[in-house]
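K.L.:
First the structure, which I've put down as C-alpha cells, then a few questions once you've had a look.
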Amino acid sequence: MSILDKLEEISKEGQKEVSSASSLEGLEAARVSFLGKKGKITVILKSLGDLSLEDRPAIGKKANEVRRSIENTISKRKEELESKALEQKLEEEVIDITLPGRCFFTGKKHLITQIVDEITDTFIGLGYRVAEGPEVETEYYNFDALNTPADHPARSLMDTLYTQKDGVLLRTHTSPVQIRIMEKTLPPVYIIAPGKAYRRDVPDPSHSPMFHQVEGLAVDKNITFGDLKGTLEVFAKKMFGADRKIRLRPHFFPFTEPSAEVDVSCIMCDGKGCRVCSGVGWLEILGAGMVDPNVLSGVGYDPEEVSGFAFGMGVERIAMLKYGVNDIRLFFENDMRFLAQF
Ligand SMILES: [Zn+2]
C-alpha cells in the first residue's frame with residue numbers, strides 16, 4: 001500500500017471515529033489517536049524527511065489536507081456534543097422552589113453597644129453630654145481624687161490590675177472621667193461617661209475582668225438628692241418600661257455622701273417576687289450618691305457654692321436584667337447564635 005493510499009484510509013477511519021464519538025472524552029481520545037504526539041497522521045508528517053525529494057510534496061500536501069479535515073470534523077463534533085451536554089444539564093437541573101432560601105447576615109451593633117447607645121441617648125435627652133477618658137489611668141484619678149483612702153481594699157493587687165509602671169493602672173471604674181472633666185470645666189457640669197473598666201476577676205457567670213460602665217455626673221447650684229432620684233426614675237422607666245419603680249437603699253462609696261444603691265422593681269415578676277429577683281421583687285441596677293465635698297474641693301469647686309450627684313452602672317448587668325441573660329461571658333464569646341438574637 002502506498003503512503004497516499006494509507007493516508008486515504010487514515011482519513012476515512014478518522015472521520016468515522018470522530019463523527020461517531022458520543023462524548024467529549026471519546027472525542028478527545030479520537031483526537032489523540034490521530035493528531036496527538038504519537039497519532040497516526042503526526043507519525044506520517046514526522047517521517048516526511050525520510051522520503052525521496054520527488055514523493056515528499058505530494059505526500060506532505062495530502063497529509064496536511066487529512067489533518068485539517070479531521071481537525072474541522074473534531075471542532076464541529078465538539079460543538080454538537082457541548083450543546084447536547086448543556087441541554088441535558090438544563091433538563092436535569094430543575095429549580096426546586098421548595099428549597100429554603102439562603103440566609104444573608106446583616107451586620108449590626110453588639111448588644112453591649114446597643115445598651116450603651118440607649119443609656120447615653122436617654123441622658124443626652126436630659127441635657128447631658130458624652131465625655132470620655134483614658135482606660136490606662138493613674139492611681140491619682142482612679143482612687144485619690146475620688147476620696148478613696150490609701151488603705152481602701154479596692155486598691156489592693158487582689159482587685160486592681162496595675163501596670164509595671166508605679167502608680168499606673170487599668171481604671172477600675174469610669175469615675176476618673178468625672179475628675180478629669182471637672183478639673184478643666186467650670187460648673188454647671190452634666191456629663192455621661194461610657195467606657196470599659198477592668199478588675200482582677202476570674203471570669204464566671206457574673207464576673208468578667210473587662211466590663212462596661214456608664215458614669216453620670218451633674219454639678220450645679222442647688223442640686224439635691226431629690227434631683228438624683230428624679231433623674232434615675234426617668235432613666236429606669238426609659239430603660240425597663242414605664243411601669244417600673246425604683247428604690248434607694250443606703251450604701252457607702254468613698255466619693256459620694258450620702259450614697260445609695262438603686263433597685264428597680266423586678267421586670268420579671270413586677271415586684272411580686274420570683275427566682276430572678278431572689279423573691280425580693282427588686283433588682284439592683286446601679287450605685288449613686290451626692291458628690292462628696294472633698295471631691296468637689298479637690299478639683300477647685302466651692303462645695304458651699306455648688307453641689308452634685310453621681311451615679312455609675314454596669315452595662316452588662318443592665319443588659320442581663322433587660323434580656324434575661326444569665327451569664328456575662330456570653331457577651332464576649334461572640335457566638336453568633338447568641339448575638340444575632342438582639
Ligand atoms: Zn422578680
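Within each chain, counting starts at residue 1; across the C-alpha cells, chains are named A, B, ... in the order shown, with ligands numbered 1 upward in that order.
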So that each row is one residue of chain A with an atom at most 9 Å from ligand 1, can you give its shortest atom pair and the distance in Å to one decimal, using only C-alpha atoms and all ligand atoms, rows by chain and rising number, as JSON lines?
P.N.:
{"residue": "A:Ser265", "atom": "CA", "partner": "ligand 1", "partner_atom_place_in_ligand_line": "1 (Zn)", "distance": 7.7}
{"residue": "A:Cys266", "atom": "CA", "partner": "ligand 1", "partner_atom_place_in_ligand_line": "1 (Zn)", "distance": 4.5}
{"residue": "A:Ile267", "atom": "CA", "partner": "ligand 1", "partner_atom_place_in_ligand_line": "1 (Zn)", "distance": 6.5}
{"residue": "A:Met268", "atom": "CA", "partner": "ligand 1", "partner_atom_place_in_ligand_line": "1 (Zn)", "distance": 4.9}
{"residue": "A:Cys269", "atom": "CA", "partner": "ligand 1", "partner_atom_place_in_ligand_line": "1 (Zn)", "distance": 4.1}
{"residue": "A:Asp270", "atom": "CA", "partner": "ligand 1", "partner_atom_place_in_ligand_line": "1 (Zn)", "distance": 6.3}
{"residue": "A:Gly271", "atom": "CA", "partner": "ligand 1", "partner_atom_place_in_ligand_line": "1 (Zn)", "distance": 5.7}
{"residue": "A:Lys272", "atom": "CA", "partner": "ligand 1", "partner_atom_place_in_ligand_line": "1 (Zn)", "distance": 6.3}
{"residue": "A:Gly273", "atom": "CA", "partner": "ligand 1", "partner_atom_place_in_ligand_line": "1 (Zn)", "distance": 4.3}
{"residue": "A:Cys274", "atom": "CA", "partner": "ligand 1", "partner_atom_place_in_ligand_line": "1 (Zn)", "distance": 3.9}
{"residue": "A:Arg275", "atom": "CA", "partner": "ligand 1", "partner_atom_place_in_ligand_line": "1 (Zn)", "distance": 6.2}
{"residue": "A:Val276", "atom": "CA", "partner": "ligand 1", "partner_atom_place_in_ligand_line": "1 (Zn)", "distance": 5.2}
{"residue": "A:Cys277", "atom": "CA", "partner": "ligand 1", "partner_atom_place_in_ligand_line": "1 (Zn)", "distance": 4.2}
{"residue": "A:Ser278", "atom": "CA", "partner": "ligand 1", "partner_atom_place_in_ligand_line": "1 (Zn)", "distance": 6.8}
{"residue": "A:Gly279", "atom": "CA", "partner": "ligand 1", "partner_atom_place_in_ligand_line": "1 (Zn)", "distance": 6.1}
{"residue": "A:Val280", "atom": "CA", "partner": "ligand 1", "partner_atom_place_in_ligand_line": "1 (Zn)", "distance": 6.9}
{"residue": "A:Gly281", "atom": "CA", "partner": "ligand 1", "partner_atom_place_in_ligand_line": "1 (Zn)", "distance": 4.6}
{"residue": "A:Trp282", "atom": "CA", "partner": "ligand 1", "partner_atom_place_in_ligand_line": "1 (Zn)", "distance": 6.6}
{"residue": "A:Leu283", "atom": "CA", "partner": "ligand 1", "partner_atom_place_in_ligand_line": "1 (Zn)", "distance": 7.7}
K.L.:
Report as a Markdown table: every residue of stretch 275-329 of chain A with an atom at most 7 Å from stretch 242-262 of chain A, its closest pair of atoms, and their distance in Å to one decimal, counting only C-alpha atoms, with rows sorted by chain and ascending residue number.
P.N.:
| residue | atom | partner | partner_atom | distance |
| --- | --- | --- | --- | --- |
| A:Glu284 | CA | A:Val262 | CA | 5.8 |
| A:Ile285 | CA | A:Val262 | CA | 5.9 |
| A:Leu286 | CA | A:Val262 | CA | 5.3 |
| A:Gly287 | CA | A:Glu261 | CA | 4.5 |
| A:Ala288 | CA | A:Ala260 | CA | 5.4 |
| A:Gly289 | CA | A:Ser259 | CA | 4.0 |
| A:Met290 | CA | A:Thr256 | CA | 5.0 |
| A:Val291 | CA | A:Thr256 | CA | 4.4 |
| A:Asp292 | CA | A:Thr256 | CA | 4.5 |
| A:Val295 | CA | A:Phe255 | CA | 6.6 |
K.L.:
Using only C-alpha atoms, which residue out of A:Asp50, A:Glu71, A:Glu93, A:Asp263 lies closest to A:Lys229?
P.N.:
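The shortest atom-to-atom distance to A:Lys229 comes from A:Asp263.
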K.L.:
Which residues of stretch 107-151 of chain A sit at most 9 Å from stretch 173-197 of chain A, using only C-alpha atoms? Give each one's shortest atom pair and distance in Å (one decimal place), in chain and ascending residue order, as CSV.
P.N.:
residue,atom,partner,partner_atom,distance
A:Val116,CA,A:Pro194,CA,6.9
A:Ile119,CA,A:Pro194,CA,8.9
A:Thr120,CA,A:Ile192,CA,6.8
A:Phe123,CA,A:Ile192,CA,7.1
A:Ile124,CA,A:Ile192,CA,8.2
A:Gly127,CA,A:Tyr190,CA,7.1
A:Tyr128,CA,A:Tyr190,CA,4.8
A:Arg129,CA,A:Ile191,CA,4.9
A:Val130,CA,A:Ile192,CA,4.9
A:Ala131,CA,A:Ala193,CA,4.9
A:Glu132,CA,A:Ala193,CA,5.6
A:Gly133,CA,A:Val177,CA,5.3
A:Pro134,CA,A:Val177,CA,8.0
A:Glu135,CA,A:Lys196,CA,6.9
A:Glu137,CA,A:Pro176,CA,8.0
A:Tyr140,CA,A:Pro176,CA,8.8
A:Tyr141,CA,A:Pro176,CA,5.0
A:Asn142,CA,A:Pro176,CA,5.1
A:Phe143,CA,A:Pro176,CA,8.0
A:Ala145,CA,A:Ile179,CA,7.0
A:Leu146,CA,A:Pro176,CA,7.5
K.L.:
Enter the distance from atom CA of A:Gly14 to atom CA of A:Ser47, in Å, rounded to one decimal.
P.N.:
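Answer for the atom CA of A:Gly14 to atom CA of A:Ser47 separation: 19.3 Å.
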K.L.:
Counting only C-alpha atoms, which residue out of A:Leu126, A:Val66, A:Val136, A:Val202 sits closest to A:Thr231?
P.N.:
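Selected residue with least distance to A:Thr231: A:Leu126.
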